>>> print(open('model.tsv').read())   # TSV, C-alpha atoms and all ligand atoms
chain	number	residue	atom	x	y	z
Y	1	MET	CA	-42.73	-3.53	10.25
Y	2	ALA	CA	-39.10	-2.42	9.76
Y	3	LYS	CA	-36.86	-4.49	7.54
Y	4	LYS	CA	-33.81	-5.55	9.55
Y	5	VAL	CA	-30.31	-5.76	8.14
Y	6	LEU	CA	-27.18	-6.86	9.98
Y	7	ILE	CA	-23.88	-5.69	8.46
Y	8	THR	CA	-20.59	-7.28	9.49
Y	9	GLY	CA	-17.42	-5.25	8.98
Y	10	ALA	CA	-19.39	-1.98	9.21
Y	11	SER	CA	-16.27	-0.13	10.36
Y	12	GLY	CA	-14.37	-1.17	7.21
Y	13	LEU	CA	-13.93	0.51	3.85
Y	14	LEU	CA	-16.89	-1.19	2.17
Y	15	GLY	CA	-18.99	-1.85	5.29
Y	16	ARG	CA	-19.12	1.86	6.15
Y	17	ALA	CA	-20.56	2.65	2.70
Y	18	VAL	CA	-23.07	-0.21	2.94
Y	19	TYR	CA	-24.13	0.92	6.43
Y	20	LYS	CA	-24.56	4.52	5.21
Y	21	GLU	CA	-26.59	3.40	2.19
Y	22	PHE	CA	-29.12	1.45	4.31
Y	23	LEU	CA	-29.44	4.42	6.69
Y	24	THR	CA	-30.66	6.56	3.74
Y	25	ASP	CA	-33.87	4.48	3.71
Y	26	ALA	CA	-35.90	4.80	6.91
Y	27	SER	CA	-37.74	1.55	6.19
Y	28	TRP	CA	-34.57	-0.31	7.18
Y	29	GLU	CA	-33.48	-0.96	10.76
Y	30	VAL	CA	-29.71	-1.31	10.57
Y	31	LEU	CA	-27.26	-2.92	12.97
Y	32	GLY	CA	-23.59	-2.58	12.07
Y	33	LEU	CA	-20.91	-4.75	13.65
Y	34	ALA	CA	-17.28	-3.76	14.17
Y	35	PHE	CA	-14.33	-5.06	16.10
Y	36	SER	CA	-11.21	-2.96	16.81
Y	37	ARG	CA	-12.86	0.20	15.44
Y	38	ALA	CA	-16.24	-0.17	17.16
Y	39	SER	CA	-17.63	3.25	18.05
Y	40	GLY	CA	-20.88	5.20	17.96
Y	41	ASN	CA	-23.82	2.97	17.03
Y	42	LEU	CA	-21.64	0.09	15.79
Y	43	ARG	CA	-21.70	-2.93	18.09
Y	44	LYS	CA	-18.42	-4.57	19.05
Y	45	VAL	CA	-18.59	-8.26	18.15
Y	46	ASP	CA	-15.69	-10.62	17.49
Y	47	ILE	CA	-17.16	-12.68	14.68
Y	48	THR	CA	-14.65	-15.47	15.31
Y	49	SER	CA	-16.46	-16.00	18.65
Y	50	SER	CA	-19.44	-18.29	18.22
Y	51	GLU	CA	-20.92	-17.06	21.54
Y	52	GLU	CA	-20.73	-13.40	20.56
Y	53	LEU	CA	-22.26	-14.10	17.15
Y	54	THR	CA	-25.07	-16.20	18.62
Y	55	LYS	CA	-25.97	-13.41	21.02
Y	56	VAL	CA	-26.17	-10.76	18.32
Y	57	PHE	CA	-28.39	-12.96	16.13
Y	58	ASP	CA	-30.65	-13.75	19.13
Y	59	ASP	CA	-30.92	-10.07	20.06
Y	60	PHE	CA	-31.42	-8.51	16.62
Y	61	LYS	CA	-33.02	-11.28	14.51
Y	62	PRO	CA	-32.14	-9.81	11.08
Y	63	GLN	CA	-33.91	-10.75	7.86
Y	64	ILE	CA	-30.86	-9.80	5.80
Y	65	VAL	CA	-27.17	-10.28	6.65
Y	66	ILE	CA	-24.51	-8.46	4.61
Y	67	HIS	CA	-21.23	-10.17	5.45
Y	68	CYS	CA	-18.42	-7.71	4.66
Y	69	ALA	CA	-15.93	-8.52	7.46
Y	70	ALA	CA	-12.80	-10.31	6.27
Y	71	GLU	CA	-9.04	-10.17	6.14
Y	72	ARG	CA	-8.57	-8.77	2.65
Y	73	LYS	CA	-4.91	-7.82	2.36
Y	74	PRO	CA	-3.22	-10.51	0.24
Y	75	ASP	CA	0.20	-10.03	1.86
Y	76	VAL	CA	-1.26	-10.33	5.40
Y	77	VAL	CA	-3.16	-13.47	4.41
Y	78	GLU	CA	0.05	-15.10	3.12
Y	79	LYS	CA	1.64	-14.56	6.56
Y	80	GLN	CA	-1.38	-15.38	8.75
Y	81	PRO	CA	-3.17	-18.38	7.21
Y	82	ASP	CA	-4.72	-19.67	10.46
Y	83	ALA	CA	-6.18	-16.34	11.58
Y	84	THR	CA	-7.44	-15.79	8.02
Y	85	ARG	CA	-9.17	-19.18	7.95
Y	86	GLN	CA	-10.95	-18.42	11.23
Y	87	LEU	CA	-12.16	-15.04	9.97
Y	88	ASN	CA	-12.79	-15.62	6.26
Y	89	ILE	CA	-14.11	-19.18	6.36
Y	90	ASP	CA	-15.03	-20.45	9.86
Y	91	ALA	CA	-16.83	-17.24	10.92
Y	92	THR	CA	-18.60	-17.20	7.55
Y	93	ARG	CA	-19.95	-20.70	8.17
Y	94	ARG	CA	-21.20	-19.77	11.64
Y	95	ILE	CA	-22.89	-16.61	10.32
Y	96	CYS	CA	-24.59	-18.62	7.58
Y	97	GLU	CA	-25.79	-21.28	10.06
Y	98	LEU	CA	-27.15	-18.70	12.52
Y	99	ALA	CA	-28.93	-16.88	9.68
Y	100	GLY	CA	-30.38	-20.19	8.53
Y	101	ASN	CA	-31.83	-20.85	12.02
Y	102	ILE	CA	-34.00	-17.71	11.73
Y	103	GLY	CA	-34.70	-17.79	7.98
Y	104	ALA	CA	-32.46	-14.79	7.18
Y	105	TRP	CA	-30.74	-14.31	3.81
Y	106	VAL	CA	-26.94	-13.94	3.67
Y	107	LEU	CA	-25.07	-11.90	1.08
Y	108	TYR	CA	-21.38	-12.79	1.28
Y	109	ILE	CA	-19.00	-10.19	-0.14
Y	110	SER	CA	-16.28	-11.73	-2.29
Y	111	THR	CA	-13.64	-10.63	-4.75
Y	112	ASP	CA	-12.49	-10.81	-8.38
Y	113	TYR	CA	-9.33	-12.46	-6.95
Y	114	VAL	CA	-11.20	-15.80	-7.05
Y	115	PHE	CA	-10.27	-15.73	-10.77
Y	116	ASP	CA	-6.78	-16.21	-12.25
Y	117	GLY	CA	-7.11	-13.20	-14.56
Y	118	LYS	CA	-5.85	-15.08	-17.63
Y	119	ASN	CA	-9.06	-15.11	-19.68
Y	120	PRO	CA	-11.38	-12.20	-18.91
Y	121	PRO	CA	-14.16	-11.27	-18.71
Y	122	TYR	CA	-15.48	-13.63	-16.05
Y	123	ASN	CA	-19.24	-14.01	-15.86
Y	124	GLU	CA	-21.03	-15.12	-12.71
Y	125	ASP	CA	-20.87	-18.81	-13.68
Y	126	ALA	CA	-17.18	-18.81	-14.71
Y	127	SER	CA	-14.87	-21.33	-13.04
Y	128	THR	CA	-12.77	-19.95	-10.21
Y	129	ASN	CA	-9.01	-20.46	-9.98
Y	130	PRO	CA	-7.53	-18.19	-7.28
Y	131	LEU	CA	-3.79	-17.50	-7.54
Y	132	ASN	CA	-3.05	-16.52	-3.94
Y	133	LYS	CA	-4.07	-17.48	-0.41
Y	134	TYR	CA	-6.40	-14.49	-0.08
Y	135	GLY	CA	-8.28	-15.51	-3.22
Y	136	ILE	CA	-8.44	-19.12	-2.01
Y	137	SER	CA	-9.83	-18.06	1.38
Y	138	LYS	CA	-12.51	-15.92	-0.26
Y	139	ARG	CA	-13.39	-18.71	-2.73
Y	140	ASP	CA	-13.71	-21.10	0.22
Y	141	GLY	CA	-15.93	-18.55	2.00
Y	142	GLU	CA	-18.15	-18.52	-1.09
Y	143	LEU	CA	-18.35	-22.31	-1.11
Y	144	VAL	CA	-19.26	-22.42	2.59
Y	145	THR	CA	-21.97	-19.79	2.07
Y	146	LEU	CA	-23.63	-21.61	-0.83
Y	147	GLU	CA	-23.18	-24.99	0.87
Y	148	VAL	CA	-25.17	-23.85	3.94
Y	149	SER	CA	-27.95	-22.61	1.64
Y	150	LYS	CA	-28.21	-22.40	-2.13
Y	151	ASP	CA	-30.63	-19.47	-1.58
Y	152	TYR	CA	-27.83	-17.36	-0.13
Y	153	SER	CA	-25.83	-15.08	-2.37
Y	154	VAL	CA	-22.28	-14.04	-3.16
Y	155	LEU	CA	-21.42	-10.59	-4.51
Y	156	ARG	CA	-17.96	-10.37	-6.09
Y	157	VAL	CA	-16.40	-6.94	-6.39
Y	158	PRO	CA	-13.00	-5.68	-7.66
Y	159	ILE	CA	-10.54	-3.15	-6.19
Y	160	LEU	CA	-12.45	-0.60	-4.10
Y	161	TYR	CA	-12.12	3.04	-3.17
Y	162	GLY	CA	-14.38	5.38	-1.23
Y	163	ASP	CA	-14.34	7.63	1.82
Y	164	VAL	CA	-11.21	6.66	3.74
Y	165	GLN	CA	-10.05	7.40	7.27
Y	166	ASP	CA	-6.46	7.40	6.03
Y	167	LEU	CA	-4.92	6.92	2.59
Y	168	SER	CA	-3.55	3.46	3.39
Y	169	GLU	CA	-7.07	2.08	3.80
Y	170	SER	CA	-7.67	1.42	0.11
Y	171	ALA	CA	-5.31	-0.01	-2.51
Y	172	VAL	CA	-6.43	2.90	-4.70
Y	173	THR	CA	-6.13	5.83	-2.27
Y	174	CYS	CA	-2.75	4.59	-0.98
Y	175	LEU	CA	-1.30	5.57	-4.38
Y	176	PHE	CA	-1.98	9.20	-3.54
Y	177	ASP	CA	0.79	9.42	-0.93
Y	178	LYS	CA	3.35	9.25	-3.76
Y	179	VAL	CA	1.23	11.10	-6.32
Y	180	LYS	CA	1.01	14.24	-4.17
Y	181	ASP	CA	4.72	14.13	-3.34
Y	182	THR	CA	5.68	15.92	-6.57
Y	183	GLY	CA	9.29	16.45	-5.53
Y	184	ASN	CA	10.09	12.72	-5.72
Y	185	ARG	CA	9.87	10.01	-8.42
Y	186	CYS	CA	6.54	8.19	-8.27
Y	187	VAL	CA	6.85	4.75	-9.92
Y	188	MET	CA	3.48	3.10	-10.52
Y	189	ASN	CA	2.61	-0.39	-11.68
Y	190	ASP	CA	1.45	-0.28	-15.29
Y	191	TYR	CA	0.97	-4.02	-15.81
Y	192	GLU	CA	-2.04	-5.51	-14.00
Y	193	ARG	CA	-5.42	-4.30	-15.27
Y	194	ARG	CA	-7.96	-3.22	-12.66
Y	195	TYR	CA	-11.51	-1.82	-12.52
Y	196	PRO	CA	-11.62	0.60	-9.57
Y	197	THR	CA	-15.10	0.70	-8.09
Y	198	HIS	CA	-16.65	3.18	-5.68
Y	199	CYS	CA	-17.86	1.60	-2.43
Y	200	ALA	CA	-20.97	3.80	-2.48
Y	201	ASP	CA	-21.97	2.22	-5.82
Y	202	ILE	CA	-21.61	-1.25	-4.26
Y	203	GLY	CA	-23.76	-0.04	-1.35
Y	204	VAL	CA	-26.53	0.86	-3.79
Y	205	VAL	CA	-26.39	-2.57	-5.46
Y	206	ILE	CA	-26.50	-4.32	-2.10
Y	207	ARG	CA	-29.53	-2.35	-0.88
Y	208	GLN	CA	-31.31	-2.97	-4.20
Y	209	LEU	CA	-30.65	-6.73	-4.01
Y	210	SER	CA	-31.79	-6.79	-0.37
Y	211	ASP	CA	-35.05	-4.97	-1.10
Y	212	LYS	CA	-35.74	-7.29	-4.01
Y	213	LYS	CA	-34.99	-10.35	-1.87
Y	214	LEU	CA	-37.61	-9.30	0.69
Y	215	GLN	CA	-40.18	-8.47	-2.02
Y	216	ASP	CA	-39.72	-11.63	-4.08
Y	217	ALA	CA	-37.46	-14.19	-2.40
Y	218	SER	CA	-37.24	-16.62	-5.31
Y	219	SER	CA	-35.94	-13.91	-7.69
Y	220	ILE	CA	-32.63	-13.44	-5.86
Y	221	GLY	CA	-30.00	-16.08	-5.12
Y	222	GLY	CA	-26.60	-17.39	-6.14
Y	223	ILE	CA	-23.64	-15.42	-7.48
Y	224	TYR	CA	-23.66	-11.76	-8.53
Y	225	HIS	CA	-20.90	-9.40	-9.71
Y	226	TRP	CA	-20.58	-5.63	-9.57
Y	227	SER	CA	-17.73	-3.57	-10.98
Y	228	GLY	CA	-16.84	-0.21	-12.45
Y	229	ASP	CA	-16.27	-0.37	-16.20
Y	230	GLU	CA	-13.02	1.63	-16.58
Y	231	ASN	CA	-9.98	-0.56	-17.30
Y	232	MET	CA	-7.00	1.01	-15.52
Y	233	THR	CA	-3.56	0.14	-14.23
Y	234	LYS	CA	-2.35	1.76	-11.03
Y	235	TYR	CA	-0.33	4.09	-13.27
Y	236	ASP	CA	-3.55	5.13	-15.06
Y	237	MET	CA	-5.25	5.72	-11.70
Y	238	ALA	CA	-2.32	7.85	-10.50
Y	239	ILE	CA	-2.38	10.02	-13.64
Y	240	THR	CA	-6.17	10.40	-13.43
Y	241	MET	CA	-6.10	11.42	-9.77
Y	242	ALA	CA	-3.29	13.93	-10.28
Y	243	THR	CA	-4.97	15.45	-13.33
Y	244	ALA	CA	-8.39	15.67	-11.64
Y	245	LEU	CA	-6.83	17.43	-8.65
Y	246	GLY	CA	-4.62	19.78	-10.68
Y	247	ILE	CA	-1.37	18.15	-9.52
Y	248	SER	CA	1.67	17.81	-11.81
Y	249	THR	CA	2.12	14.38	-13.41
Y	250	SER	CA	5.74	14.86	-14.52
Y	251	HIS	CA	7.12	12.83	-11.56
Y	252	ILE	CA	4.86	9.79	-12.26
Y	253	GLU	CA	6.58	6.91	-14.11
Y	254	ALA	CA	5.14	3.66	-15.46
Y	255	ASP	CA	6.55	0.30	-14.31
Y	256	LYS	CA	5.67	-2.36	-16.91
Y	257	ASN	CA	6.59	-5.32	-14.67
Y	258	PRO	CA	4.17	-7.51	-12.64
Y	259	SER	CA	3.72	-6.35	-9.05
Y	260	VAL	CA	5.77	-8.01	-6.29
Y	261	GLY	CA	4.43	-9.86	-3.24
Y	262	ALA	CA	1.51	-12.34	-3.34
Y	263	THR	CA	0.75	-13.35	-6.96
Y	264	ARG	CA	-2.08	-11.27	-8.35
Y	265	PRO	CA	-4.35	-11.85	-11.38
Y	266	TYR	CA	-3.43	-9.95	-14.54
Y	267	ASN	CA	-6.97	-8.95	-15.51
Y	268	ALA	CA	-9.86	-10.41	-13.54
Y	269	HIS	CA	-12.53	-8.27	-15.19
Y	270	ILE	CA	-15.93	-9.44	-13.97
Y	271	GLY	CA	-19.07	-9.31	-16.11
Y	272	CYS	CA	-22.11	-7.96	-14.23
Y	273	ASN	CA	-24.96	-9.35	-16.34
Y	274	ARG	CA	-27.13	-10.61	-13.47
Y	275	VAL	CA	-27.27	-7.27	-11.64
Y	276	GLU	CA	-27.62	-5.34	-14.90
Y	277	SER	CA	-30.51	-7.54	-16.05
Y	278	LEU	CA	-32.37	-6.58	-12.85
Y	279	GLY	CA	-31.95	-2.93	-13.85
Y	280	PHE	CA	-29.87	-2.32	-10.72
Y	281	GLY	CA	-26.48	-0.69	-10.17
Y	282	ARG	CA	-24.67	2.62	-10.48
Y	283	ARG	CA	-21.23	3.43	-11.89
Y	284	THR	CA	-19.53	6.61	-10.71
Y	285	PRO	CA	-16.80	7.67	-13.21
Y	286	PHE	CA	-13.39	7.30	-11.53
Y	287	LYS	CA	-12.32	10.91	-12.16
Y	288	ASP	CA	-15.52	12.13	-10.46
Y	289	GLY	CA	-15.56	9.66	-7.59
Y	290	ILE	CA	-11.92	10.03	-6.60
Y	291	VAL	CA	-11.83	13.84	-6.18
Y	292	PRO	CA	-14.00	14.16	-3.03
Y	293	VAL	CA	-12.29	11.08	-1.58
Y	294	LEU	CA	-8.77	12.56	-1.94
Y	295	SER	CA	-9.53	16.26	-1.42
Y	296	PRO	CA	-9.20	16.09	2.39
Y	297	PHE	CA	-5.63	14.78	1.92
Y	298	VAL	CA	-4.37	17.41	-0.55
Y	299	GLY	CA	-1.60	19.53	0.91
Y	300	LYS	CA	-1.13	17.25	3.95
E	401	LIG	N1	-10.98	-3.37	-0.34
E	401	LIG	C1	-11.01	-3.92	-1.55
E	401	LIG	O1	-10.39	-3.39	-2.50
E	401	LIG	C2	-11.81	-5.18	-1.80
E	401	LIG	C3	-11.82	-5.72	-3.09
E	401	LIG	C4	-12.58	-6.85	-3.35
E	401	LIG	C5	-13.30	-7.45	-2.33
E	401	LIG	N2	-13.26	-6.93	-1.08
E	401	LIG	C6	-14.05	-7.61	-0.04
E	401	LIG	O2	-14.92	-6.66	0.53
E	401	LIG	C7	-15.13	-6.98	1.90
E	401	LIG	C8	-14.88	-5.74	2.74
E	401	LIG	O3	-13.53	-5.36	2.58
E	401	LIG	P1	-12.99	-3.98	3.16
E	401	LIG	O4	-12.07	-3.43	2.15
E	401	LIG	O5	-14.11	-3.15	3.65
E	401	LIG	O6	-12.13	-4.50	4.39
E	401	LIG	P2	-11.53	-3.67	5.61
E	401	LIG	O7	-11.62	-2.20	5.33
E	401	LIG	O8	-10.20	-4.27	5.90
E	401	LIG	O9	-12.52	-3.99	6.80
E	401	LIG	C9	-12.52	-5.26	7.40
E	401	LIG	C10	-13.66	-5.30	8.38
E	401	LIG	O10	-13.65	-6.57	9.05
E	401	LIG	C11	-13.79	-6.34	10.43
E	401	LIG	N3	-13.19	-7.41	11.22
E	401	LIG	C12	-11.92	-7.86	11.15
E	401	LIG	N4	-11.73	-8.84	12.07
E	401	LIG	C13	-12.91	-8.98	12.74
E	401	LIG	C14	-13.35	-9.80	13.82
E	401	LIG	N5	-12.55	-10.72	14.39
E	401	LIG	N6	-14.62	-9.66	14.25
E	401	LIG	C15	-15.45	-8.74	13.68
E	401	LIG	N7	-15.10	-7.94	12.65
E	401	LIG	C16	-13.84	-8.06	12.19
E	401	LIG	C17	-13.06	-5.02	10.68
E	401	LIG	O11	-13.47	-4.48	11.92
E	401	LIG	P3	-12.49	-3.46	12.75
E	401	LIG	O12	-11.78	-2.63	11.74
E	401	LIG	O13	-13.45	-2.69	13.59
E	401	LIG	O14	-11.57	-4.34	13.54
E	401	LIG	C18	-13.54	-4.22	9.47
E	401	LIG	O15	-14.80	-3.66	9.70
E	401	LIG	C19	-14.20	-8.14	2.23
E	401	LIG	O16	-14.95	-9.32	2.22
E	401	LIG	C20	-13.20	-8.15	1.10
E	401	LIG	O17	-12.71	-9.44	0.85
E	401	LIG	C21	-12.55	-5.80	-0.78
>>> encode(input="model.tsv", output="structure tokens", more="lines below")
Ligand SMILES: NC(=O)c1ccc[n+]([C@@H]2O[C@H](COP(=O)([O-])OP(=O)(O)OC[C@H]3O[C@@H](n4cnc5c(N)ncnc54)[C@H](OP(=O)(O)O)[C@@H]3O)[C@@H](O)[C@H]2O)c1
Amino acid sequence: MAKKVLITGASGLLGRAVYKEFLTDASWEVLGLAFSRASGNLRKVDITSSEELTKVFDDFKPQIVIHCAAERKPDVVEKQPDATRQLNIDATRRICELAGNIGAWVLYISTDYVFDGKNPPYNEDASTNPLNKYGISKRDGELVTLEVSKDYSVLRVPILYGDVQDLSESAVTCLFDKVKDTGNRCVMNDYERRYPTHCADIGVVIRQLSDKKLQDASSIGGIYHWSGDENMTKYDMAITMATALGISTSHIEADKNPSVGATRPYNAHIGCNRVESLGFGRRTPFKDGIVPVLSPFVGK
């Protein structure tokens, strides 16, 4: 019998990688949900609609639900708190309840922004203290998930990159617009510390956790972390991408001040002991992972 996984946000940066990862294993039957970018095999479902969600759970009856869909841009969240609550918290609760009705397991994707970044590293049991409305909404989504069932799980991840449809899609790849424009000054934040992580590596961790959950339900539950292990500022990322792609770095300048906009943690490095102790995970070096991601945009 096929194992069935439902992936929300399968048109998004992370969801696409998770969807692709499950498709590599024929023992999984995969249904991906999307909204404005629904196309191909992805089903269009507005997850803020209880009726639409109920129908998809009734039709597909997944055993595993990977909940990627969210509003994840801190500056958008600051401006749209009501829409964010409906998507990041209310829809999460409904998904968790519907999964509970059919005995499915939910893995809720969260963020290192649930931490204040003042005292890293943060292990899975560290106290949360989000600094901005995005972090608060994701922390509240975590609480809702684990309130509906303590057997559900949360996977926190840091800043992501991976195959993008356009450079603006990831907070990492968006740096490349200025990096490749060698005729102009490129000022990059060199203050906040980040751990850029390849979406495909997260996809592997999620499939491994899902397989393990179906093999031995009691062995998987609660909060997990996964992160790359290279400590970089955006300036470091810009220099690494330029160097890896043979682009001049002489126009790239470091800005030692905190970034503007919604307050962001200084260094929310997350410890990944629980996934590592299962023997799971993969870490693609940034200089290797970023080249195929950016190559289609060189010279454009
Ligand atoms: N990107 C990062 O650097 C990062 C870092 C840490 C944690 N995370 C977490 O990782 C998860 C995935 O983030 P991401 O970067 O992949 O986000 P993303 O690229 O912005 O994708 C968001 C997804 O949510 C879907 N969505 C939005 N509104 C919806 C609605 N009303 N109904 C159904 N689907 C809806 C979008 O569908 P359409 O596009 O089809 O409308 C899209 O598939 C999020 O939970 C985020 O908090 C991301």
>>> residues_around(input="model.tsv", residues="Y:Gly135", least_positions_apart="3", cutoff="8 Å", atoms="all atoms listed in the file", output="number ranges by chain")
Y: 74, 111, 113-115, 130-132, 138-139
>>> residues_near_ligand(input="model.tsv", ligand="ligand LIG 401 (chain E)", cutoff="7 Å", atoms="only C-alpha atoms and all ligand atoms", output="tab-separated table (two decimals) with C-alpha atoms, keeping the file's coordinate frame")
chain	number	residue	atom	x	y	z
Y	8	THR	CA	-20.59	-7.28	9.49
Y	9	GLY	CA	-17.42	-5.25	8.98
Y	10	ALA	CA	-19.39	-1.98	9.21
Y	11	SER	CA	-16.27	-0.13	10.36
Y	12	GLY	CA	-14.37	-1.17	7.21
Y	13	LEU	CA	-13.93	0.51	3.85
Y	14	LEU	CA	-16.89	-1.19	2.17
Y	15	GLY	CA	-18.99	-1.85	5.29
Y	33	LEU	CA	-20.91	-4.75	13.65
Y	34	ALA	CA	-17.28	-3.76	14.17
Y	35	PHE	CA	-14.33	-5.06	16.10
Y	36	SER	CA	-11.21	-2.96	16.81
Y	37	ARG	CA	-12.86	0.20	15.44
Y	38	ALA	CA	-16.24	-0.17	17.16
Y	45	VAL	CA	-18.59	-8.26	18.15
Y	46	ASP	CA	-15.69	-10.62	17.49
Y	47	ILE	CA	-17.16	-12.68	14.68
Y	48	THR	CA	-14.65	-15.47	15.31
Y	68	CYS	CA	-18.42	-7.71	4.66
Y	69	ALA	CA	-15.93	-8.52	7.46
Y	70	ALA	CA	-12.80	-10.31	6.27
Y	71	GLU	CA	-9.04	-10.17	6.14
Y	72	ARG	CA	-8.57	-8.77	2.65
Y	87	LEU	CA	-12.16	-15.04	9.97
Y	109	ILE	CA	-19.00	-10.19	-0.14
Y	110	SER	CA	-16.28	-11.73	-2.29
Y	111	THR	CA	-13.64	-10.63	-4.75
Y	112	ASP	CA	-12.49	-10.81	-8.38
Y	138	LYS	CA	-12.51	-15.92	-0.26
Y	156	ARG	CA	-17.96	-10.37	-6.09
Y	157	VAL	CA	-16.40	-6.94	-6.39
Y	158	PRO	CA	-13.00	-5.68	-7.66
Y	159	ILE	CA	-10.54	-3.15	-6.19
Y	160	LEU	CA	-12.45	-0.60	-4.10
Y	161	TYR	CA	-12.12	3.04	-3.17
Y	169	GLU	CA	-7.07	2.08	3.80
Y	170	SER	CA	-7.67	1.42	0.11
Y	171	ALA	CA	-5.31	-0.01	-2.51
>>> residues_around(input="model.tsv", residues="Y:Val187", least_positions_apart="6", cutoff="10 Å", atoms="all atoms listed in the file", output="list in words")
Leu175, Lys178, Val179, Lys234, Tyr235, Ala238, His251, Ile252, Glu253, Ala254 and Asp255 of chain Y
>>> residues_around(input="model.tsv", residues="Y:Thr54", least_positions_apart="2", cutoff="10 Å", atoms="all atoms listed in the file", output="list in words")
Ile47, Ser49, Ser50, Glu51, Glu52, Val56, Phe57, Asp58, Asp59, Arg94, Ile95, Glu97, Leu98 and Ala99 of chain Y
>>> atom_distance(input="model.tsv", atom1="atom CA of Y:Asp177", atom2="atom CA of Y:Thr233")
16.8 Å
>>> closest_residue(input="model.tsv", among="Y:Met1, Y:Met241, Y:Val77, Y:Ile206", to="Y:Val65", atoms="all atoms listed in the file")
Y:Ile206
>>> atom_distance(input="model.tsv", atom1="atom CA of Y:Asp211", atom2="atom CA of Y:Gln165")
29.1 Å
>>> closest_residue(input="model.tsv", among="Y:Asp166, Y:Asp116, Y:Leu53, Y:Ser250", to="Y:Arg185", atoms="only C-alpha atoms")
Y:Ser250
>>> residues_around(input="model.tsv", residues="Y:Asn119", least_positions_apart="6", cutoff="9 Å", atoms="all atoms listed in the file", output="JSON, numbers by chain")
{"Y": [267, 268, 269]}
>>> closest_residue(input="model.tsv", among="Y:Thr249, Y:Arg193, Y:Val18, Y:Phe286", to="Y:Pro121", atoms="all atoms listed in the file")
Y:Arg193
>>> closest_residue(input="model.tsv", among="Y:Lys44, Y:Gly289, Y:Lys150, Y:Phe22", to="Y:Leu209", atoms="all atoms listed in the file")
Y:Phe22
>>> closest_residue(input="model.tsv", among="Y:Cys96, Y:Lys61, Y:Ser149, Y:Ile89", to="Y:Gly221", atoms="all atoms listed in the file")
Y:Ser149
>>> closest_residue(input="model.tsv", among="Y:Lys4, Y:Arg264, Y:Lys213, Y:Lys180", to="Y:Glu192", atoms="all atoms listed in the file")
Y:Arg264
>>> atom_distance(input="model.tsv", atom1="atom CA of Y:Thr128", atom2="atom CA of Y:Ser277")
22.4 Å
>>> residues_around(input="model.tsv", residues="Y:Val154", least_positions_apart="6", cutoff="10 Å", atoms="all atoms listed in the file", output="ChimeraX atom specification")
/Y:66-67,106-111,124,141-143,145-146,221-225
>>> decode(input="model.tsv", residues="stretch 289-298 of chain Y", atoms="N, CA, C and O atoms", output="tab-separated table (two decimals), in the first residue's frame")
chain	number	residue	atom	x	y	z
Y	289	GLY	N	26.35	24.42	-3.40
Y	289	GLY	CA	24.89	24.45	-3.60
Y	289	GLY	C	24.43	25.68	-4.38
Y	289	GLY	O	23.48	25.62	-5.16
Y	290	ILE	N	25.15	26.80	-4.20
Y	290	ILE	CA	24.64	28.05	-4.77
Y	290	ILE	C	24.92	28.17	-6.27
Y	290	ILE	O	24.18	28.85	-6.99
Y	291	VAL	N	25.97	27.50	-6.76
Y	291	VAL	CA	26.35	27.66	-8.17
Y	291	VAL	C	25.25	27.21	-9.14
Y	291	VAL	O	24.82	28.00	-10.01
Y	292	PRO	N	24.73	25.99	-9.03
Y	292	PRO	CA	23.66	25.61	-9.98
Y	292	PRO	C	22.38	26.43	-9.80
Y	292	PRO	O	21.63	26.62	-10.76
Y	293	VAL	N	22.17	26.95	-8.60
Y	293	VAL	CA	20.97	27.76	-8.35
Y	293	VAL	C	21.06	29.10	-9.10
Y	293	VAL	O	20.08	29.58	-9.69
Y	294	LEU	N	22.27	29.71	-9.08
Y	294	LEU	CA	22.44	31.04	-9.68
Y	294	LEU	C	22.83	31.00	-11.15
Y	294	LEU	O	22.62	32.00	-11.87
Y	295	SER	N	23.39	29.89	-11.61
Y	295	SER	CA	23.91	29.83	-12.99
Y	295	SER	C	22.90	30.28	-14.04
Y	295	SER	O	23.27	31.00	-14.98
Y	296	PRO	N	21.61	29.89	-13.92
Y	296	PRO	CA	20.66	30.33	-14.95
Y	296	PRO	C	20.49	31.86	-15.02
Y	296	PRO	O	19.96	32.38	-16.00
Y	297	PHE	N	20.96	32.57	-13.97
Y	297	PHE	CA	20.73	34.03	-13.92
Y	297	PHE	C	22.00	34.83	-14.26
Y	297	PHE	O	21.96	36.05	-14.28
Y	298	VAL	N	23.10	34.13	-14.53
Y	298	VAL	CA	24.35	34.83	-14.86
Y	298	VAL	C	24.20	35.44	-16.25
Y	298	VAL	O	23.69	34.81	-17.17
